[in-house]
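Trainee: Below is upload_5.txt; it holds compact mmCIF, C-alpha atoms and all ligand atoms.
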```txt
# COMPACT_ATOMS: atom_id res chain seq x y z
CA MET A 1 73.68 237.49 267.68
CA LYS A 2 77.26 236.50 266.97
CA PHE A 3 78.08 234.19 264.08
CA PHE A 4 80.86 231.65 264.32
CA LEU A 5 81.90 229.51 261.37
CA ASP A 6 81.92 225.79 262.07
CA THR A 7 84.83 224.82 259.85
CA ALA A 8 88.59 224.31 259.77
CA ASN A 9 88.87 225.21 256.10
CA VAL A 10 91.09 228.28 255.83
CA GLU A 11 89.96 229.24 252.30
CA GLU A 12 86.30 229.15 253.37
CA ILE A 13 87.13 231.23 256.44
CA LYS A 14 89.00 233.83 254.36
CA ARG A 15 86.15 234.12 251.83
CA ILE A 16 83.41 234.60 254.42
CA THR A 17 85.29 236.75 256.96
CA ARG A 18 85.78 239.47 254.35
CA LEU A 19 81.99 240.09 254.55
CA GLY A 20 82.38 241.10 258.19
CA LEU A 21 79.91 238.43 259.33
CA VAL A 22 82.24 236.19 261.31
CA ASP A 23 82.85 236.68 265.04
CA GLY A 24 84.69 233.44 265.74
CA ILE A 25 85.35 229.85 264.66
CA THR A 26 84.58 226.43 266.05
CA THR A 27 86.50 223.35 265.00
CA ASN A 28 86.28 219.75 266.15
CA PRO A 29 88.42 216.65 265.52
CA SER A 30 86.24 215.60 262.54
CA LEU A 31 86.55 219.03 260.88
CA ILE A 32 90.32 219.12 261.46
CA ALA A 33 90.73 215.57 260.10
CA LYS A 34 88.86 216.59 256.91
CA GLU A 35 91.57 219.16 256.15
CA ASP A 36 94.39 216.58 256.34
CA ARG A 37 96.82 219.24 257.61
CA ASP A 38 98.91 219.81 260.72
CA PHE A 39 96.57 220.71 263.63
CA LYS A 40 98.77 223.46 265.05
CA GLU A 41 99.38 225.04 261.65
CA VAL A 42 95.64 225.14 260.86
CA ILE A 43 94.66 226.62 264.22
CA GLN A 44 97.39 229.26 264.10
CA GLU A 45 96.41 230.25 260.54
CA ILE A 46 92.75 230.55 261.54
CA CYS A 47 93.63 232.56 264.67
CA ALA A 48 95.60 235.03 262.56
CA ILE A 49 92.64 235.55 260.18
CA VAL A 50 89.80 235.77 262.68
CA ASP A 51 89.67 238.43 265.35
CA GLY A 52 87.60 236.39 267.81
CA PRO A 53 87.47 233.12 269.72
CA VAL A 54 88.70 230.01 267.89
CA SER A 55 87.75 226.71 269.52
CA ALA A 56 90.30 223.88 269.36
CA GLU A 57 89.23 220.57 270.89
CA VAL A 58 91.23 218.27 273.14
CA ILE A 59 91.48 214.58 272.27
CA GLY A 60 92.27 213.17 275.73
CA THR A 61 89.49 211.63 277.75
CA LYS A 62 91.20 211.84 281.17
CA ALA A 63 91.32 215.23 282.92
CA GLU A 64 95.11 215.23 283.23
CA ASP A 65 95.53 214.57 279.50
CA MET A 66 92.95 217.24 278.67
CA LEU A 67 94.75 219.76 280.84
CA LYS A 68 98.16 218.92 279.33
CA GLU A 69 96.74 219.44 275.84
CA ALA A 70 94.84 222.56 276.92
CA TYR A 71 97.97 224.31 278.25
CA GLU A 72 99.73 223.51 274.97
CA LEU A 73 96.78 224.69 272.81
CA ALA A 74 96.49 227.89 274.83
CA GLN A 75 100.07 228.77 273.82
CA TRP A 76 99.29 228.59 270.10
CA ALA A 77 97.46 231.93 269.90
CA PRO A 78 95.82 234.39 272.30
CA ASN A 79 92.33 233.75 270.87
CA VAL A 80 92.35 229.96 271.25
CA VAL A 81 89.41 228.60 273.28
CA ILE A 82 89.79 225.11 274.72
CA LYS A 83 86.97 222.82 273.65
CA LEU A 84 86.25 220.11 276.21
CA PRO A 85 83.80 217.21 276.13
CA MET A 86 80.82 217.24 278.50
CA THR A 87 82.09 214.53 280.88
CA GLU A 88 83.16 214.45 284.52
CA ASP A 89 86.80 214.80 283.42
CA GLY A 90 85.81 217.59 281.04
CA LEU A 91 84.06 219.46 283.86
CA TYR A 92 87.10 219.11 286.11
CA ALA A 93 89.37 220.43 283.37
CA CYS A 94 86.90 223.23 282.64
CA ASN A 95 86.93 224.35 286.26
CA GLU A 96 90.75 224.24 286.44
CA LEU A 97 91.13 226.24 283.24
CA SER A 98 88.48 228.78 284.15
CA ARG A 99 90.25 229.44 287.49
CA LYS A 100 93.39 230.20 285.49
CA GLY A 101 91.51 232.58 283.15
CA ILE A 102 91.71 230.24 280.14
CA LYS A 103 88.55 230.27 278.01
CA THR A 104 86.63 227.04 277.50
CA ASN A 105 83.85 225.70 275.31
CA VAL A 106 82.07 222.65 276.73
CA THR A 107 80.85 220.67 273.75
CA LEU A 108 78.44 217.80 273.09
CA VAL A 109 75.75 219.24 275.37
CA PHE A 110 72.48 217.37 274.90
CA SER A 111 70.47 218.26 278.02
CA ALA A 112 69.68 221.29 280.16
CA ALA A 113 71.28 219.57 283.17
CA GLN A 114 74.55 219.12 281.27
CA GLY A 115 74.53 222.79 280.25
CA LEU A 116 73.85 223.84 283.85
CA MET A 117 76.77 221.71 285.09
CA ALA A 118 79.12 223.22 282.50
CA ALA A 119 78.05 226.78 283.37
CA LYS A 120 78.64 226.06 287.07
CA ALA A 121 82.08 224.65 286.24
CA GLY A 122 82.91 228.05 284.74
CA ALA A 123 82.56 227.35 280.99
CA SER A 124 82.94 230.47 278.86
CA PHE A 125 80.80 228.80 276.18
CA ILE A 126 78.47 225.80 276.08
CA SER A 127 77.56 224.06 272.82
CA PRO A 128 74.13 222.42 272.62
CA PHE A 129 73.94 220.27 269.48
CA ILE A 130 70.62 221.07 267.82
CA GLY A 131 70.86 218.98 264.63
CA ARG A 132 72.01 215.81 266.36
CA LEU A 133 69.06 216.04 268.79
CA ASP A 134 66.62 216.62 265.93
CA ASP A 135 68.15 213.57 264.20
CA ILE A 136 66.89 211.35 267.04
CA ALA A 137 63.44 213.00 267.00
CA ALA A 138 64.19 215.13 270.09
CA ASP A 139 63.75 218.93 270.11
CA GLY A 140 67.15 220.61 269.77
CA MET A 141 65.70 224.11 269.82
CA GLN A 142 63.85 223.50 273.08
CA LEU A 143 67.24 222.75 274.65
CA VAL A 144 68.55 226.13 273.46
CA ARG A 145 65.48 227.87 274.92
CA ASP A 146 65.89 226.03 278.25
CA LEU A 147 69.59 226.85 278.48
CA LYS A 148 68.88 230.54 277.76
CA THR A 149 66.36 230.60 280.61
CA ILE A 150 68.81 228.90 282.99
CA ILE A 151 71.67 231.24 282.14
CA ASP A 152 69.47 234.31 282.49
CA ASN A 153 67.88 233.04 285.74
CA TYR A 154 71.23 232.82 287.48
CA GLY A 155 73.35 235.35 285.58
CA PHE A 156 75.99 232.80 284.54
CA ASP A 157 78.85 234.35 282.60
CA THR A 158 78.48 231.64 279.93
CA GLU A 159 77.51 232.11 276.31
CA ILE A 160 75.36 229.63 274.40
CA ILE A 161 76.75 228.50 271.06
CA SER A 162 73.93 226.92 269.07
CA ALA A 163 75.82 224.11 267.39
CA SER A 164 75.12 221.28 264.96
CA ILE A 165 73.11 223.72 262.87
CA ARG A 166 71.72 222.18 259.69
CA ASN A 167 69.42 224.77 258.12
CA VAL A 168 68.33 228.43 257.95
CA GLY A 169 65.41 227.71 260.31
CA HIS A 170 67.86 226.59 263.00
CA VAL A 171 69.68 229.94 262.80
CA GLU A 172 66.43 231.95 262.83
CA GLN A 173 64.97 230.01 265.74
CA ALA A 174 68.23 230.17 267.74
CA ALA A 175 68.23 233.97 267.28
CA ILE A 176 64.59 234.18 268.38
CA ALA A 177 65.43 232.02 271.42
CA GLY A 178 68.16 234.52 272.35
CA ALA A 179 71.17 232.23 271.90
CA HIS A 180 74.30 234.36 272.06
CA ILE A 181 75.98 232.63 269.13
CA ALA A 182 75.20 230.34 266.20
CA THR A 183 78.07 228.32 264.79
CA ILE A 184 77.26 227.75 261.15
CA PRO A 185 78.87 225.43 258.59
CA GLY A 186 80.66 227.37 255.83
CA SER A 187 78.40 225.78 253.22
CA LEU A 188 75.23 226.95 255.00
CA LEU A 189 76.12 230.57 255.72
CA PRO A 190 75.65 231.76 252.10
CA VAL A 191 72.17 230.20 252.11
CA LEU A 192 71.22 232.68 254.86
CA TRP A 193 71.48 235.68 252.59
CA LYS A 194 69.80 234.08 249.57
CA HIS A 195 66.10 234.17 248.65
CA PRO A 196 64.57 233.17 245.29
CA LEU A 197 62.28 236.22 245.33
CA THR A 198 65.34 238.48 245.61
CA ASP A 199 66.84 236.88 242.48
CA ILE A 200 63.53 237.08 240.59
CA GLY A 201 63.16 240.72 241.68
CA ILE A 202 66.60 241.67 240.39
CA GLU A 203 65.94 239.95 237.04
CA LYS A 204 62.62 241.80 236.64
CA PHE A 205 64.11 245.20 237.53
CA LEU A 206 66.92 244.70 235.00
CA ALA A 207 64.55 243.47 232.28
CA ASP A 208 62.26 246.49 232.77
CA TRP A 209 65.24 248.83 232.80
CA ASN A 210 66.59 247.38 229.54
CA LYS A 211 63.14 247.56 227.84
CA ALA A 212 62.59 251.19 228.80
CA GLN A 213 63.11 253.97 226.27
CA PHE A 214 64.85 256.89 227.90
CA LYS A 215 64.70 260.27 226.22
C1 LIG A 301 80.22 222.46 267.27
O1 LIG A 301 81.11 223.07 267.81
C2 LIG A 301 80.45 221.30 266.39
O2 LIG A 301 81.68 221.47 265.72
C3 LIG A 301 79.41 221.13 265.31
O3 LIG A 301 78.44 222.13 265.34
C4 LIG A 301 78.94 219.73 265.14
O4 LIG A 301 77.98 219.70 264.13
P1 LIG A 301 77.52 218.35 263.39
O5 LIG A 301 76.50 217.69 264.23
O6 LIG A 301 76.95 218.84 262.08
O7 LIG A 301 78.77 217.52 263.22
```
Before anything else, please render the file you have as structure tokens.
Mentor:
Amino acid sequence: MKFFLDTANVEEIKRITRLGLVDGITTNPSLIAKEDRDFKEVIQEICAIVDGPVSAEVIGTKAEDMLKEAYELAQWAPNVVIKLPMTEDGLYACNELSRKGIKTNVTLVFSAAQGLMAAKAGASFISPFIGRLDDIAADGMQLVRDLKTIIDNYGFDTEIISASIRNVGHVEQAAIAGAHIATIPGSLLPVLWKHPLTDIGIEKFLADWNKAQFK
């Protein structure tokens, strides 16, 4: 499974990429706004740090505006992926870009039908939002499982990014479901490698070692 970081914070990206765990980055307008920095500058900095796809989202809601932005974004760095909303205009833009060999990530996918439409429109990635579905008492993980079945059934060249991940269980279950990628908030990723029994175990080993009398 590939791990993407779901953040636009360059310091966070630098700290975590040095562990060799990061295969790409996803951003969205909310994450970019949080940084209060120039959009182009942030994306170019991230693209220089991470050797993998970096999603940058369009703001336009009409296909022609999306495409204008997409062609501009695609110039910023070779690893930029154009993030498009799951709408009719987004699907049109996705199809246009995919015909031109420009990578796309169709975001805000909340049903299997939406994911199927995006895959047919040539999306390189689709992003089902697990946490936001769970928030409304739906089953986000079932959507990931269904999309995996659909993609495998028809051999679509589309990767599933499990998005809107809120906890360690989401990452584990997405991996078990066979999702290609999990995009994980920078604050959550360190929680994945922690376990209280590991910390207790280290303390006990050190205490025993220090108590021992070596001859
Ligand atoms: C995915 O690409 C999105 O940026 C992200 O996962 C949204 O997550 P949220 O529901 O926590 O905002």
Trainee: Within 7 Å of stretch 169-178 of chain A, counting all atoms listed in the file, which residues show up once you throw out same-chain ones fewer than 5 positions away? Write them as a list in words, please.
Mentor: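 The contact residues come out as Met1, Met141, Val144, Arg145, Lys148 and Ser162 of chain A.
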Trainee: Give me the residues near A:Leu97 as a PyMOL selection string, where near means some atom within 9 Å (using all atoms listed in the file) and where sequence neighbours in that chain fewer than 4 positions away do not count.
Mentor: chain A and resi 67+70-71+82+92-93+101-104+122-123
Trainee: Could you write those residues out with C-alpha atoms, as a compact mmCIF listing (two decimals), in the coordinates of the input?
Mentor:
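Result written to out21.txt:
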```txt
# COMPACT_ATOMS: atom_id res chain seq x y z
CA LEU A 67 94.75 219.76 280.84
CA ALA A 70 94.84 222.56 276.92
CA TYR A 71 97.97 224.31 278.25
CA ILE A 82 89.79 225.11 274.72
CA TYR A 92 87.10 219.11 286.11
CA ALA A 93 89.37 220.43 283.37
CA GLY A 101 91.51 232.58 283.15
CA ILE A 102 91.71 230.24 280.14
CA LYS A 103 88.55 230.27 278.01
CA THR A 104 86.63 227.04 277.50
CA GLY A 122 82.91 228.05 284.74
CA ALA A 123 82.56 227.35 280.99
```
Trainee: Grab the atom CA of A:Glu12 to atom CA of A:Gly186 distance for me, in Å with one decimal place.
Mentor: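 Separating atom CA of A:Glu12 from atom CA of A:Gly186 is a distance of 6.4 Å.
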Trainee: Taking only C-alpha atoms into account, name the residue in A:Leu192, A:Ala138, A:Ala77, A:Leu108 that is nearest to A:Ile126.
Mentor: A:Leu108
Trainee: So that I can see what lies close to A:Ile150, please list as a ChimeraX atom specification the residues with an atom at most 12 Å from it, counting only C-alpha atoms and leaving out residues fewer than 3 positions away in the same chain.
Mentor: /A:111-120,143-147,153-160,179
Trainee: Around ligand LIG 301 (chain A), at most 6 Å away and counting only C-alpha atoms and all ligand atoms, which residues are there? Put them as a list in words, please.
Mentor: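 The distance check yields Asp6, Thr26, Thr27, Asn28, Gly131, Arg132, Ala163 and Ser164 of chain A.
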Trainee: May I have the protein, DNA and RNA residues with any atom at most 7 Å from the point (78.5, 231.6, 263.4), counting only C-alpha atoms, written as a list in words?
Mentor: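 Those residues, ordered by chain and then number, are Lys2, Phe3, Phe4, Leu5, Asp6, Val22, Asp23, Gly24, Ile181, Ala182, Thr183 and Ile184 of chain A.
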Trainee: For A:Gln44, which of A:Asn105, A:Gln142, A:Gln213, A:Gln75 is the closest residue, counting all atoms listed in the file?
Mentor: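 Between A:Asn105, A:Gln142, A:Gln213, A:Gln75, the residue approaching A:Gln44 most closely is A:Gln75.
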Trainee: With N, CA and C atoms as the goal, would you fill in the gaps in stretch 114-149 of chain A and present it as a PDB file, in the coordinates of the input?
Mentor:
```pdb
ATOM      1  N   GLN A 114      73.126 219.069 281.682  1.00  0.00           N
ATOM      2  CA  GLN A 114      74.550 219.120 281.270  1.00  0.00           C
ATOM      3  C   GLN A 114      75.004 220.565 281.099  1.00  0.00           C
ATOM      4  N   GLY A 115      74.169 221.376 280.456  1.00  0.00           N
ATOM      5  CA  GLY A 115      74.530 222.790 280.250  1.00  0.00           C
ATOM      6  C   GLY A 115      74.693 223.522 281.570  1.00  0.00           C
ATOM      7  N   LEU A 116      73.786 223.221 282.517  1.00  0.00           N
ATOM      8  CA  LEU A 116      73.850 223.840 283.850  1.00  0.00           C
ATOM      9  C   LEU A 116      75.146 223.459 284.562  1.00  0.00           C
ATOM     10  N   MET A 117      75.527 222.175 284.460  1.00  0.00           N
ATOM     11  CA  MET A 117      76.770 221.710 285.090  1.00  0.00           C
ATOM     12  C   MET A 117      77.975 222.445 284.488  1.00  0.00           C
ATOM     13  N   ALA A 118      77.980 222.573 283.182  1.00  0.00           N
ATOM     14  CA  ALA A 118      79.120 223.220 282.500  1.00  0.00           C
ATOM     15  C   ALA A 118      79.211 224.694 282.901  1.00  0.00           C
ATOM     16  N   ALA A 119      78.048 225.356 282.972  1.00  0.00           N
ATOM     17  CA  ALA A 119      78.050 226.780 283.370  1.00  0.00           C
ATOM     18  C   ALA A 119      78.582 226.908 284.791  1.00  0.00           C
ATOM     19  N   LYS A 120      78.159 226.008 285.680  1.00  0.00           N
ATOM     20  CA  LYS A 120      78.640 226.060 287.070  1.00  0.00           C
ATOM     21  C   LYS A 120      80.136 225.780 287.162  1.00  0.00           C
ATOM     22  N   ALA A 121      80.636 224.956 286.238  1.00  0.00           N
ATOM     23  CA  ALA A 121      82.080 224.650 286.240  1.00  0.00           C
ATOM     24  C   ALA A 121      82.894 225.798 285.634  1.00  0.00           C
ATOM     25  N   GLY A 122      82.201 226.850 285.199  1.00  0.00           N
ATOM     26  CA  GLY A 122      82.910 228.050 284.740  1.00  0.00           C
ATOM     27  C   GLY A 122      83.142 228.114 283.234  1.00  0.00           C
ATOM     28  N   ALA A 123      82.372 227.330 282.451  1.00  0.00           N
ATOM     29  CA  ALA A 123      82.560 227.350 280.990  1.00  0.00           C
ATOM     30  C   ALA A 123      82.300 228.751 280.431  1.00  0.00           C
ATOM     31  N   SER A 124      83.170 229.189 279.545  1.00  0.00           N
ATOM     32  CA  SER A 124      82.940 230.470 278.860  1.00  0.00           C
ATOM     33  C   SER A 124      81.823 230.296 277.841  1.00  0.00           C
ATOM     34  N   PHE A 125      81.809 229.119 277.196  1.00  0.00           N
ATOM     35  CA  PHE A 125      80.800 228.800 276.180  1.00  0.00           C
ATOM     36  C   PHE A 125      80.275 227.390 276.440  1.00  0.00           C
ATOM     37  N   ILE A 126      78.994 227.168 276.112  1.00  0.00           N
ATOM     38  CA  ILE A 126      78.470 225.800 276.080  1.00  0.00           C
ATOM     39  C   ILE A 126      77.861 225.577 274.688  1.00  0.00           C
ATOM     40  N   SER A 127      78.030 224.357 274.179  1.00  0.00           N
ATOM     41  CA  SER A 127      77.560 224.060 272.820  1.00  0.00           C
ATOM     42  C   SER A 127      76.487 222.987 272.793  1.00  0.00           C
ATOM     43  N   PRO A 128      75.205 223.391 272.849  1.00  0.00           N
ATOM     44  CA  PRO A 128      74.130 222.420 272.620  1.00  0.00           C
ATOM     45  C   PRO A 128      74.061 222.062 271.143  1.00  0.00           C
ATOM     46  N   PHE A 129      73.936 220.766 270.865  1.00  0.00           N
ATOM     47  CA  PHE A 129      73.940 220.270 269.480  1.00  0.00           C
ATOM     48  C   PHE A 129      72.500 220.095 268.982  1.00  0.00           C
ATOM     49  N   ILE A 130      72.015 221.077 268.272  1.00  0.00           N
ATOM     50  CA  ILE A 130      70.620 221.070 267.820  1.00  0.00           C
ATOM     51  C   ILE A 130      70.338 219.948 266.815  1.00  0.00           C
ATOM     52  N   GLY A 131      71.118 219.929 265.728  1.00  0.00           N
ATOM     53  CA  GLY A 131      70.860 218.980 264.630  1.00  0.00           C
ATOM     54  C   GLY A 131      70.896 217.533 265.095  1.00  0.00           C
ATOM     55  N   ARG A 132      71.890 217.222 265.941  1.00  0.00           N
ATOM     56  CA  ARG A 132      72.010 215.810 266.360  1.00  0.00           C
ATOM     57  C   ARG A 132      70.841 215.395 267.249  1.00  0.00           C
ATOM     58  N   LEU A 133      70.265 216.368 268.002  1.00  0.00           N
ATOM     59  CA  LEU A 133      69.060 216.040 268.790  1.00  0.00           C
ATOM     60  C   LEU A 133      67.873 215.858 267.855  1.00  0.00           C
ATOM     61  N   ASP A 134      67.732 216.761 266.887  1.00  0.00           N
ATOM     62  CA  ASP A 134      66.620 216.620 265.930  1.00  0.00           C
ATOM     63  C   ASP A 134      66.705 215.279 265.190  1.00  0.00           C
ATOM     64  N   ASP A 135      67.951 214.851 264.909  1.00  0.00           N
ATOM     65  CA  ASP A 135      68.150 213.570 264.200  1.00  0.00           C
ATOM     66  C   ASP A 135      67.523 212.384 264.937  1.00  0.00           C
ATOM     67  N   ILE A 136      67.471 212.480 266.276  1.00  0.00           N
ATOM     68  CA  ILE A 136      66.890 211.350 267.040  1.00  0.00           C
ATOM     69  C   ILE A 136      65.465 211.682 267.495  1.00  0.00           C
ATOM     70  N   ALA A 137      64.836 212.606 266.749  1.00  0.00           N
ATOM     71  CA  ALA A 137      63.440 213.000 267.000  1.00  0.00           C
ATOM     72  C   ALA A 137      63.256 213.677 268.357  1.00  0.00           C
ATOM     73  N   ALA A 138      64.334 214.289 268.894  1.00  0.00           N
ATOM     74  CA  ALA A 138      64.190 215.130 270.090  1.00  0.00           C
ATOM     75  C   ALA A 138      64.073 216.581 269.591  1.00  0.00           C
ATOM     76  N   ASP A 139      63.955 217.536 270.521  1.00  0.00           N
ATOM     77  CA  ASP A 139      63.750 218.930 270.110  1.00  0.00           C
ATOM     78  C   ASP A 139      64.975 219.763 270.484  1.00  0.00           C
ATOM     79  N   GLY A 140      65.897 219.876 269.524  1.00  0.00           N
ATOM     80  CA  GLY A 140      67.150 220.610 269.770  1.00  0.00           C
ATOM     81  C   GLY A 140      66.916 222.059 270.158  1.00  0.00           C
ATOM     82  N   MET A 141      65.922 222.680 269.547  1.00  0.00           N
ATOM     83  CA  MET A 141      65.700 224.110 269.820  1.00  0.00           C
ATOM     84  C   MET A 141      65.144 224.332 271.226  1.00  0.00           C
ATOM     85  N   GLN A 142      64.363 223.371 271.710  1.00  0.00           N
ATOM     86  CA  GLN A 142      63.850 223.500 273.080  1.00  0.00           C
ATOM     87  C   GLN A 142      65.020 223.521 274.071  1.00  0.00           C
ATOM     88  N   LEU A 143      66.063 222.747 273.767  1.00  0.00           N
ATOM     89  CA  LEU A 143      67.240 222.750 274.650  1.00  0.00           C
ATOM     90  C   LEU A 143      67.884 224.139 274.669  1.00  0.00           C
ATOM     91  N   VAL A 144      67.971 224.777 273.508  1.00  0.00           N
ATOM     92  CA  VAL A 144      68.550 226.130 273.460  1.00  0.00           C
ATOM     93  C   VAL A 144      67.698 227.084 274.301  1.00  0.00           C
ATOM     94  N   ARG A 145      66.381 226.994 274.143  1.00  0.00           N
ATOM     95  CA  ARG A 145      65.480 227.870 274.920  1.00  0.00           C
ATOM     96  C   ARG A 145      65.667 227.624 276.425  1.00  0.00           C
ATOM     97  N   ASP A 146      65.740 226.361 276.819  1.00  0.00           N
ATOM     98  CA  ASP A 146      65.890 226.030 278.250  1.00  0.00           C
ATOM     99  C   ASP A 146      67.217 226.552 278.793  1.00  0.00           C
ATOM    100  N   LEU A 147      68.268 226.386 278.015  1.00  0.00           N
ATOM    101  CA  LEU A 147      69.590 226.850 278.480  1.00  0.00           C
ATOM    102  C   LEU A 147      69.613 228.373 278.607  1.00  0.00           C
ATOM    103  N   LYS A 148      68.931 229.060 277.695  1.00  0.00           N
ATOM    104  CA  LYS A 148      68.880 230.540 277.760  1.00  0.00           C
ATOM    105  C   LYS A 148      68.181 230.954 279.055  1.00  0.00           C
ATOM    106  N   THR A 149      67.088 230.277 279.378  1.00  0.00           N
ATOM    107  CA  THR A 149      66.360 230.600 280.610  1.00  0.00           C
ATOM    108  C   THR A 149      67.252 230.367 281.831  1.00  0.00           C
TER     109      THR A 149
END
```
